[in-house]
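What follows is the content of protein-v1.txt (compact mmCIF, C-alpha atoms).
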# COMPACT_ATOMS: atom_id res chain seq x y z
CA MET F 1 84.74 79.81 -1.95
CA ALA F 2 83.19 83.29 -2.30
CA LYS F 3 82.24 82.59 -5.94
CA PHE F 4 80.65 79.28 -4.85
CA ASN F 5 78.54 81.03 -2.19
CA VAL F 6 77.36 83.61 -4.72
CA PHE F 7 76.46 80.77 -7.10
CA LEU F 8 74.35 79.10 -4.39
CA LEU F 9 72.55 82.34 -3.64
CA ILE F 10 71.71 82.87 -7.32
CA LEU F 11 70.57 79.24 -7.56
CA PHE F 12 68.18 79.61 -4.62
CA LEU F 13 66.79 82.91 -5.93
CA THR F 14 66.28 81.72 -9.49
CA THR F 15 64.85 78.29 -8.70
CA GLY F 16 62.32 79.56 -6.19
CA ILE F 17 63.59 77.27 -3.41
CA ASN F 18 62.12 78.43 -0.12
CA ILE F 19 64.84 79.12 2.44
CA ARG F 20 63.56 79.35 6.02
CA LEU F 21 65.98 80.91 8.46
CA SER F 22 65.18 80.50 12.14
CA ALA F 23 65.73 83.63 14.17
CA GLN F 24 67.33 83.17 17.56
CA ILE F 25 64.96 82.33 20.37
CA VAL F 26 64.90 84.93 23.13
CA CYS F 27 63.38 83.76 26.42
CA GLY F 28 61.39 86.05 28.66
CA ALA F 29 64.23 86.36 31.16
CA ASP F 30 66.52 87.59 28.36
CA GLN F 31 64.32 90.64 27.77
CA PRO F 32 65.06 92.72 30.90
CA GLU F 33 63.99 95.93 29.19
CA LYS F 34 60.42 94.59 29.38
CA TYR F 35 60.30 93.45 33.00
CA LEU F 36 62.74 95.61 34.96
CA PRO F 37 60.42 98.64 34.77
CA LEU F 38 57.69 96.52 36.35
CA LEU F 39 59.88 95.73 39.36
CA GLN F 40 61.10 99.18 40.35
CA LYS F 41 60.33 99.99 44.00
CA LYS F 42 58.59 96.62 44.36
CA ARG F 43 59.14 93.89 46.94
CA VAL F 44 59.72 90.85 44.78
CA GLY F 45 59.26 87.12 45.30
CA LEU F 46 60.84 84.66 42.87
CA VAL F 47 59.72 81.13 41.99
CA VAL F 48 62.93 79.96 40.36
CA ASN F 49 65.46 77.16 40.14
CA HIS F 50 68.77 76.44 38.40
CA THR F 51 67.18 76.91 34.95
CA SER F 52 66.25 80.52 35.71
CA LEU F 53 69.03 82.14 33.74
CA THR F 54 69.36 85.35 31.78
CA GLY F 55 72.30 84.70 29.52
CA ASN F 56 74.71 82.80 31.76
CA THR F 57 73.65 84.64 34.91
CA HIS F 58 71.07 83.38 37.38
CA LEU F 59 68.00 85.62 37.48
CA VAL F 60 68.50 86.20 41.21
CA ASP F 61 72.04 87.48 40.69
CA PHE F 62 70.99 89.62 37.74
CA LEU F 63 68.10 91.24 39.60
CA LYS F 64 70.32 91.92 42.61
CA SER F 65 72.86 93.61 40.33
CA GLU F 66 69.99 95.78 39.07
CA LYS F 67 69.13 96.78 42.66
CA ILE F 68 65.78 94.96 42.61
CA ASN F 69 64.45 94.29 46.10
CA ILE F 70 64.20 90.48 46.26
CA LYS F 71 62.47 89.51 49.48
CA LYS F 72 61.96 85.74 49.00
CA ILE F 73 62.91 82.83 46.80
CA PHE F 74 60.39 80.00 46.45
CA ALA F 75 62.01 76.63 45.69
CA PRO F 76 60.19 73.87 43.70
CA GLU F 77 61.05 70.15 43.45
CA HIS F 78 64.84 69.60 43.13
CA GLY F 79 65.43 72.85 45.03
CA PHE F 80 66.47 76.40 44.21
CA ARG F 81 69.86 75.19 42.97
CA GLY F 82 68.48 72.02 41.33
CA GLU F 83 70.60 69.75 43.47
CA ALA F 84 67.94 67.50 45.07
CA SER F 85 66.75 64.10 43.86
CA ALA F 86 63.22 63.47 42.59
CA GLY F 87 60.82 63.29 45.52
CA GLU F 88 63.40 64.53 48.02
CA GLU F 89 61.96 67.02 50.51
CA ILE F 90 63.21 70.56 49.95
CA LYS F 91 64.08 72.55 53.03
CA GLY F 92 63.76 76.30 53.41
CA GLY F 93 66.25 78.63 55.03
CA ILE F 94 68.67 81.28 53.86
CA ASP F 95 70.46 81.05 50.52
CA LYS F 96 74.17 81.13 51.40
CA ARG F 97 75.18 82.94 48.20
CA THR F 98 72.71 85.80 48.44
CA GLY F 99 71.43 85.89 52.01
CA ILE F 100 67.85 85.81 50.71
CA GLN F 101 65.17 83.77 52.48
CA VAL F 102 64.26 80.54 50.67
CA VAL F 103 60.75 79.11 51.12
CA SER F 104 60.29 75.47 50.14
CA LEU F 105 57.39 74.58 47.85
CA TYR F 106 58.27 70.91 47.85
CA GLY F 107 57.81 69.27 51.19
CA LYS F 108 55.08 69.58 53.79
CA ASN F 109 53.88 72.83 52.21
CA LYS F 110 53.65 73.02 48.41
CA LYS F 111 51.71 76.27 48.20
CA PRO F 112 52.82 79.76 49.27
CA THR F 113 50.90 80.84 52.36
CA GLY F 114 49.39 84.23 53.03
CA LYS F 115 52.22 84.79 55.50
CA ASN F 116 54.78 83.98 52.79
CA LEU F 117 53.23 86.56 50.48
CA LYS F 118 52.21 89.36 52.85
CA ASP F 119 55.40 91.40 52.37
CA LEU F 120 55.49 91.04 48.56
CA ASP F 121 54.21 93.33 45.83
CA ILE F 122 54.80 90.93 42.94
CA VAL F 123 55.84 87.32 42.28
CA ILE F 124 57.92 86.18 39.30
CA PHE F 125 57.76 82.63 37.92
CA ASP F 126 60.69 81.60 35.72
CA ILE F 127 61.31 77.85 35.40
CA GLN F 128 62.05 75.65 32.40
CA ASP F 129 59.27 73.09 31.94
CA VAL F 130 59.28 69.98 29.70
CA GLY F 131 55.63 69.92 28.64
CA CYS F 132 54.37 66.87 30.56
CA ARG F 133 51.47 66.88 33.02
CA PHE F 134 53.31 64.81 35.62
CA TYR F 135 56.39 67.08 35.68
CA THR F 136 55.81 68.88 38.96
CA TYR F 137 56.99 72.37 38.06
CA ILE F 138 53.56 73.04 36.55
CA SER F 139 51.87 71.78 39.72
CA THR F 140 53.89 74.40 41.56
CA LEU F 141 52.73 76.92 38.96
CA HIS F 142 49.08 75.99 39.63
CA LEU F 143 49.45 76.52 43.37
CA VAL F 144 51.38 79.77 42.93
CA ILE F 145 48.60 81.10 40.68
CA GLU F 146 46.06 80.08 43.32
CA ALA F 147 47.99 81.68 46.18
CA CYS F 148 48.61 84.91 44.28
CA ALA F 149 44.91 85.15 43.39
CA GLU F 150 43.86 84.60 46.99
CA ASN F 151 46.26 87.26 48.24
CA ASN F 152 45.81 89.77 45.39
CA ILE F 153 49.46 89.54 44.35
CA PRO F 154 50.20 89.97 40.62
CA LEU F 155 52.18 87.18 38.93
CA LEU F 156 54.77 87.90 36.26
CA ILE F 157 55.81 84.93 34.11
CA LEU F 158 59.05 85.00 32.15
CA ASP F 159 58.13 82.46 29.50
CA ARG F 160 60.35 79.75 28.03
CA PRO F 161 59.88 77.33 25.10
CA ASN F 162 58.42 73.87 25.59
CA PRO F 163 60.80 71.13 24.29
CA ASN F 164 57.76 68.85 23.90
CA GLY F 165 55.52 71.63 22.65
CA ASP F 166 55.13 70.41 19.08
CA TYR F 167 52.26 68.01 19.75
CA VAL F 168 49.49 67.03 22.18
CA ALA F 169 48.93 63.44 23.32
CA GLY F 170 47.76 61.04 26.02
CA PRO F 171 44.72 60.73 28.27
CA VAL F 172 43.28 63.84 29.89
CA LEU F 173 43.32 63.82 33.70
CA LYS F 174 39.99 62.83 35.26
CA PRO F 175 38.43 63.94 38.56
CA GLY F 176 39.48 61.58 41.32
CA PHE F 177 43.06 61.33 40.05
CA VAL F 178 44.28 64.76 41.09
CA SER F 179 47.68 64.74 42.78
CA PHE F 180 50.94 66.68 42.67
CA VAL F 181 51.80 64.80 39.46
CA GLY F 182 48.54 65.93 37.89
CA MET F 183 46.48 68.90 39.08
CA ASP F 184 44.63 70.04 35.97
CA PRO F 185 42.42 68.35 33.32
CA ILE F 186 45.09 68.35 30.63
CA PRO F 187 46.64 65.48 28.63
CA ILE F 188 50.01 63.95 29.44
CA VAL F 189 51.66 66.00 26.69
CA HIS F 190 49.83 69.33 26.98
CA GLY F 191 51.51 71.33 24.22
CA CYS F 192 51.76 74.61 26.15
CA THR F 193 54.52 76.84 27.41
CA VAL F 194 54.36 77.78 31.07
CA GLY F 195 52.86 81.13 30.08
CA GLU F 196 50.14 79.56 27.96
CA LEU F 197 49.36 77.01 30.64
CA ALA F 198 49.11 79.75 33.27
CA LEU F 199 46.55 81.56 31.10
CA MET F 200 44.63 78.29 30.74
CA ILE F 201 44.63 77.48 34.45
CA ASN F 202 43.51 81.01 35.26
CA GLY F 203 41.04 81.33 32.40
CA GLU F 204 39.34 77.98 33.01
CA ASN F 205 39.06 78.64 36.78
CA TRP F 206 40.91 75.45 37.70
CA THR F 207 42.29 76.77 40.99
CA ALA F 208 40.39 76.91 44.27
CA ALA F 209 40.69 80.70 44.39
CA LYS F 210 37.43 82.66 44.18
CA THR F 211 39.03 85.33 42.00
CA LYS F 212 41.36 85.24 39.03
CA CYS F 213 45.06 85.93 39.32
CA LYS F 214 46.52 89.06 37.73
CA ILE F 215 48.97 87.51 35.28
CA GLU F 216 51.40 89.26 32.98
CA ILE F 217 53.66 87.32 30.62
CA ILE F 218 56.90 88.24 28.90
CA PRO F 219 56.61 86.00 25.80
CA VAL F 220 59.47 84.20 24.08
CA LEU F 221 60.61 85.91 20.90
CA ASN F 222 60.93 83.97 17.63
CA TYR F 223 59.32 80.81 19.01
CA THR F 224 56.61 78.66 17.47
CA HIS F 225 55.15 75.34 18.54
CA PHE F 226 56.92 73.63 15.68
CA THR F 227 60.31 75.06 16.67
CA LYS F 228 62.75 72.46 17.97
CA TYR F 229 64.08 73.59 21.34
CA GLU F 230 66.84 71.99 23.38
CA PRO F 231 67.09 73.55 26.87
CA PRO F 232 70.64 74.79 27.48
CA VAL F 233 70.48 73.57 31.09
CA PRO F 234 69.09 70.17 32.20
CA PRO F 235 65.67 70.96 33.73
CA SER F 236 66.21 68.37 36.51
CA PRO F 237 68.93 65.89 37.53
CA ASN F 238 67.33 62.91 35.79
CA LEU F 239 66.55 64.67 32.51
CA PRO F 240 70.13 65.45 31.50
CA ASN F 241 69.65 65.95 27.76
CA TYR F 242 67.19 66.44 24.91
CA ARG F 243 66.83 62.70 24.30
CA SER F 244 65.69 62.04 27.87
CA ILE F 245 63.26 64.99 27.70
CA ARG F 246 61.64 63.66 24.52
CA LEU F 247 61.43 60.10 25.88
CA TYR F 248 60.09 61.21 29.25
CA PRO F 249 56.35 61.29 28.33
CA SER F 250 56.47 57.73 26.98
CA ILE F 251 58.52 55.95 29.64
CA CYS F 252 57.58 57.72 32.86
CA PHE F 253 54.94 55.00 33.44
CA PHE F 254 57.83 52.66 34.28
CA GLU F 255 58.15 54.62 37.55
CA ALA F 256 55.25 52.47 38.79
CA THR F 257 57.04 49.21 37.95
CA LYS F 258 59.96 47.01 38.93
CA VAL F 259 61.73 47.98 35.72
CA SER F 260 64.47 50.61 35.95
CA LEU F 261 64.45 53.50 33.51
CA GLY F 262 68.03 54.38 34.28
CA ARG F 263 67.83 56.32 37.52
CA GLY F 264 71.16 55.75 39.20
CA THR F 265 73.08 55.61 35.92
CA GLU F 266 74.68 58.15 33.59
CA PHE F 267 71.75 57.78 31.21
CA PRO F 268 68.45 58.19 33.12
CA PHE F 269 65.23 58.07 31.09
CA GLN F 270 67.17 56.67 28.15
CA VAL F 271 67.26 52.95 29.02
CA LEU F 272 64.85 50.30 30.33
CA GLY F 273 65.77 47.16 32.21
CA GLY F 274 64.53 44.55 34.68
CA LEU F 275 66.13 41.68 36.54
CA ASP F 276 65.01 39.00 34.07
CA SER F 277 67.83 38.27 31.61
CA THR F 278 65.31 37.56 28.83
CA LEU F 279 64.21 41.21 28.73
CA GLY F 280 67.08 42.24 26.46
CA ASN F 281 70.77 42.09 25.73
CA PHE F 282 71.62 45.54 27.07
CA ARG F 283 72.84 45.52 30.67
CA PHE F 284 73.31 48.20 33.30
CA THR F 285 73.51 48.44 37.10
CA PRO F 286 71.79 51.32 38.94
CA VAL F 287 73.62 52.78 41.93
CA ASP F 288 72.87 55.44 44.51
CA ILE F 289 73.96 58.88 43.23
CA PRO F 290 73.58 61.69 45.81
CA GLY F 291 71.43 64.53 44.50
CA VAL F 292 70.39 62.49 41.47
CA ALA F 293 69.08 59.08 42.50
CA ILE F 294 68.47 57.87 46.05
CA ASP F 295 67.67 54.16 46.39
CA PRO F 296 66.97 53.72 42.66
CA VAL F 297 64.93 50.77 41.41
CA ASN F 298 67.05 47.58 41.31
CA GLU F 299 69.94 49.34 43.03
CA GLY F 300 73.17 47.33 42.80
CA GLN F 301 71.62 44.67 40.59
CA VAL F 302 72.25 43.95 36.93
CA CYS F 303 69.31 45.04 34.77
CA TYR F 304 68.59 43.58 31.33
CA GLY F 305 66.67 45.44 28.69
CA VAL F 306 66.99 48.01 25.92
CA ASP F 307 69.19 51.01 25.24
CA LEU F 308 67.04 53.79 23.78
CA ARG F 309 70.09 55.92 23.06
CA ILE F 310 70.48 54.04 19.80
CA LEU F 311 67.25 55.50 18.42
CA ARG F 312 67.83 57.63 15.34
CA GLU F 313 64.49 59.33 15.79
CA ILE F 314 62.68 59.68 19.10
CA PRO F 315 58.97 58.93 18.72
CA GLU F 316 56.25 61.16 20.05
CA PHE F 317 54.21 59.84 23.00
CA THR F 318 53.89 56.07 22.64
CA LEU F 319 52.72 53.14 24.77
CA SER F 320 54.82 50.70 22.77
CA TYR F 321 57.68 50.45 25.27
CA PHE F 322 55.35 49.86 28.19
CA LEU F 323 53.20 47.33 26.34
CA ASP F 324 56.27 45.44 25.17
CA PHE F 325 57.54 44.97 28.72
CA TYR F 326 54.05 44.33 30.10
CA TRP F 327 53.52 41.31 27.86
CA ARG F 328 56.98 39.92 28.57
CA TYR F 329 56.01 39.24 32.19
CA LYS F 330 54.01 36.13 33.00
CA TYR F 331 52.44 37.79 36.06
CA GLU F 332 51.51 41.45 36.15
CA SER F 333 52.56 41.65 39.82
CA ASP F 334 56.12 40.90 38.74
CA PHE F 335 56.05 44.07 36.65
CA ILE F 336 53.66 46.67 38.09
CA ASP F 337 54.16 47.11 41.82
CA ARG F 338 52.41 50.48 42.36
CA GLU F 339 49.07 50.42 40.58
CA ASN F 340 47.77 53.58 42.23
CA TRP F 341 50.90 55.48 41.20
CA PHE F 342 50.44 54.31 37.62
CA ASN F 343 46.86 55.60 37.61
CA LEU F 344 47.92 58.95 39.05
CA LEU F 345 50.57 59.30 36.33
CA ALA F 346 48.00 58.35 33.70
CA GLY F 347 45.35 60.60 35.24
CA THR F 348 42.80 57.82 34.86
CA ASP F 349 42.28 54.12 35.58
CA VAL F 350 40.97 53.51 32.07
CA LEU F 351 44.44 53.19 30.56
CA LEU F 352 45.51 50.30 32.79
CA ALA F 353 42.13 48.61 32.30
CA LYS F 354 42.61 48.77 28.53
CA ILE F 355 46.13 47.38 28.82
CA ARG F 356 44.88 44.51 30.97
CA GLY F 357 42.20 43.86 28.39
CA GLY F 358 44.85 43.06 25.80
CA ASN F 359 44.08 46.06 23.59
CA SER F 360 46.60 47.27 21.02
CA GLU F 361 48.16 50.74 21.23
CA PRO F 362 45.98 52.17 18.39
CA ASP F 363 42.82 50.84 20.05
CA ILE F 364 43.83 52.24 23.43
CA LEU F 365 44.70 55.69 22.10
CA LYS F 366 41.44 55.76 20.13
CA VAL F 367 39.56 55.72 23.44
CA PHE F 368 41.18 58.99 24.48
CA LYS F 369 40.85 60.78 21.14
CA PRO F 370 37.49 62.54 21.78
CA GLU F 371 38.68 64.13 25.04
CA LEU F 372 41.95 65.06 23.38
CA GLU F 373 40.10 66.86 20.58
CA THR F 374 37.99 68.75 23.13
CA TYR F 375 41.18 69.79 24.92
CA LYS F 376 42.80 70.96 21.68
CA THR F 377 39.83 73.20 20.95
CA MET F 378 39.99 74.74 24.41
CA ARG F 379 43.80 75.08 24.23
CA ARG F 380 43.65 77.32 21.16
CA LYS F 381 42.14 80.13 23.24
CA TYR F 382 45.33 80.48 25.27
CA LEU F 383 48.09 80.10 22.69
CA LEU F 384 50.69 82.85 22.52
CA TYR F 385 52.71 81.37 19.65
CA PRO F 386 52.04 79.97 16.15
CA ASP F 387 50.74 76.44 16.49
CA PHE F 388 51.50 73.13 14.79
CA GLU F 389 47.90 72.66 13.67

Let me see the structure of the file written as structure tokens.
Amino acid sequence: MAKFNVFLLILFLTTGINIRLSAQIVCGADQPEKYLPLLQKKRVGLVVNHTSLTGNTHLVDFLKSEKINIKKIFAPEHGFRGEASAGEEIKGGIDKRTGIQVVSLYGKNKKPTGKNLKDLDIVIFDIQDVGCRFYTYISTLHLVIEACAENNIPLLILDRPNPNGDYVAGPVLKPGFVSFVGMDPIPIVHGCTVGELALMINGENWTAAKTKCKIEIIPVLNYTHFTKYEPPVPPSPNLPNYRSIRLYPSICFFEATKVSLGRGTEFPFQVLGGLDSTLGNFRFTPVDIPGVAIDPVNEGQVCYGVDLRILREIPEFTLSYFLDFYWRYKYESDFIDRENWFNLLAGTDVLLAKIRGGNSEPDILKVFKPELETYKTMRRKYLLYPDFE
């Protein structure tokens, strides 16, 4: 075996074959030597959830072991421990494991108040994102940047890779369609890490703050925008694996329809099905799953459709799944039941208008190409890592 390995090495060296070895990715949180000195004798606030790990240890537990003075934990959608369903109101209180005050940023109040921040010297943001505009962790980021700027509190971001960071796609959000599933004029697939997006939000003055936020970033080591990255921890209950994360940009529009995308099953965001038996041969039945899916679409009813788990390759952002189902329904009202929600997810009402007009996917995407190119040019100013272009 040793002789065979030596032979392979000689073969590669003599034939000029280019061997590219990928160094191990090191997230910001896994570089404590860079951020612990910044936290000494500081009163610290943390915007974190279950993905905020350094090694196998939660960032909160690690910082406590290092005698860092953690005053508050700010909890985004799904909660500090990641145990809440999508859309479920997060309640504040005291974290039972640490005794630290938890302030909810997903409920009646989605932005830290001046009162929340008055006893803090610095805020840390460390959450795994999935690179889609309508994934609400980046809406929380926007509001945290705004609050920190307004209260002159520096923000430290421990950056993490973007599992959908290898491309940019979809319509750019338009004024009039701002919501918690879309706060900034970026495309559906924005192609930024949280750190890069924070620089963009701050640099383009997209918050309501009159001054810029003082942002410092601990970048990811050995990461590029063409590096495949599978988060070691599911970023939220209904994105349990890499497949669901990669499909998420393309099938999230089904959230505005009567078609289930697998919430309430063991394979959310990996299947599509409605109540009409002609929609496909694959069958599944959504059920209520506490902490994962509450009252899922078509709960307790057999859904017929397609199983996207059989895909050998997951496509980049595509409208093909949505268009296929759209044209299978005789009446649009039997399919889309929340038009406003669809437009908020899309960030525009042009997309639905083009779909209703019978346009093909290439013709629809062509409409959004100019604004996408403008975004790409602007995006380059804020990149921290080698890009795919």

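Among F:Phe388, F:Tyr167, F:Phe284, F:Tyr135, the residue with the shortest atom-to-atom distance to Leu372 in chain F, counting all atoms listed in the file, is F:Tyr167.
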
Protein/DNA/RNA residues near (68.0, 94.2, 26.7), cut 12 Å, all atoms listed in the file, as a PDB file with C-alpha atoms, keeping the file's coordinate frame:
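Once written, result.pdb looks like this:
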ATOM      1  CA  VAL F  26      64.900  84.930  23.130  1.00  0.00           C
ATOM      2  CA  CYS F  27      63.380  83.760  26.420  1.00  0.00           C
ATOM      3  CA  GLY F  28      61.390  86.050  28.660  1.00  0.00           C
ATOM      4  CA  ALA F  29      64.230  86.360  31.160  1.00  0.00           C
ATOM      5  CA  ASP F  30      66.520  87.590  28.360  1.00  0.00           C
ATOM      6  CA  GLN F  31      64.320  90.640  27.770  1.00  0.00           C
ATOM      7  CA  PRO F  32      65.060  92.720  30.900  1.00  0.00           C
ATOM      8  CA  GLU F  33      63.990  95.930  29.190  1.00  0.00           C
ATOM      9  CA  LYS F  34      60.420  94.590  29.380  1.00  0.00           C
ATOM     10  CA  TYR F  35      60.300  93.450  33.000  1.00  0.00           C
ATOM     11  CA  LEU F  36      62.740  95.610  34.960  1.00  0.00           C
ATOM     12  CA  PRO F  37      60.420  98.640  34.770  1.00  0.00           C
ATOM     13  CA  THR F  54      69.360  85.350  31.780  1.00  0.00           C
ATOM     14  CA  GLY F  55      72.300  84.700  29.520  1.00  0.00           C
TER      15      GLY F  55
END

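When CA of Glu196 in chain F is paired with CA of Pro171 in chain F, their separation reads 19.6 Å.
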
Seminar exercise, completed: Residue with the minimum atom-to-atom distance to Leu365 in chain F, picked from F:Asn56, F:Asn238, F:Ser320, F:Asn343 with all atoms listed in the file counted, is F:Ser320

For this session: Find the residues around Val103 in chain F up to 12 Å (all atoms listed in the file counted), leave out those fewer than 5 positions away in its own chain, and share them as an NGL selection string.
Result: :F and (45-48 or 71-77 or 79-80 or 90-95 or 108-113 or 115-117)

Exercise. How many Å lie between CA of Glu361 in chain F and CA of Met183 in chain F, rounded to one decimal?
Worked result: 25.5 Å

For this session: Please provide the set of residues having any atom within 12 Å of Phe125 in chain F, restricted to all atoms listed in the file, with same-chain residues fewer than 5 positions apart removed, written as a VMD selection string.
Result: chain F and resid 28 to 29 44 to 49 51 to 52 59 to 60 73 to 76 137 to 138 140 to 145 148 154 to 160 194 to 195 198 215 to 218
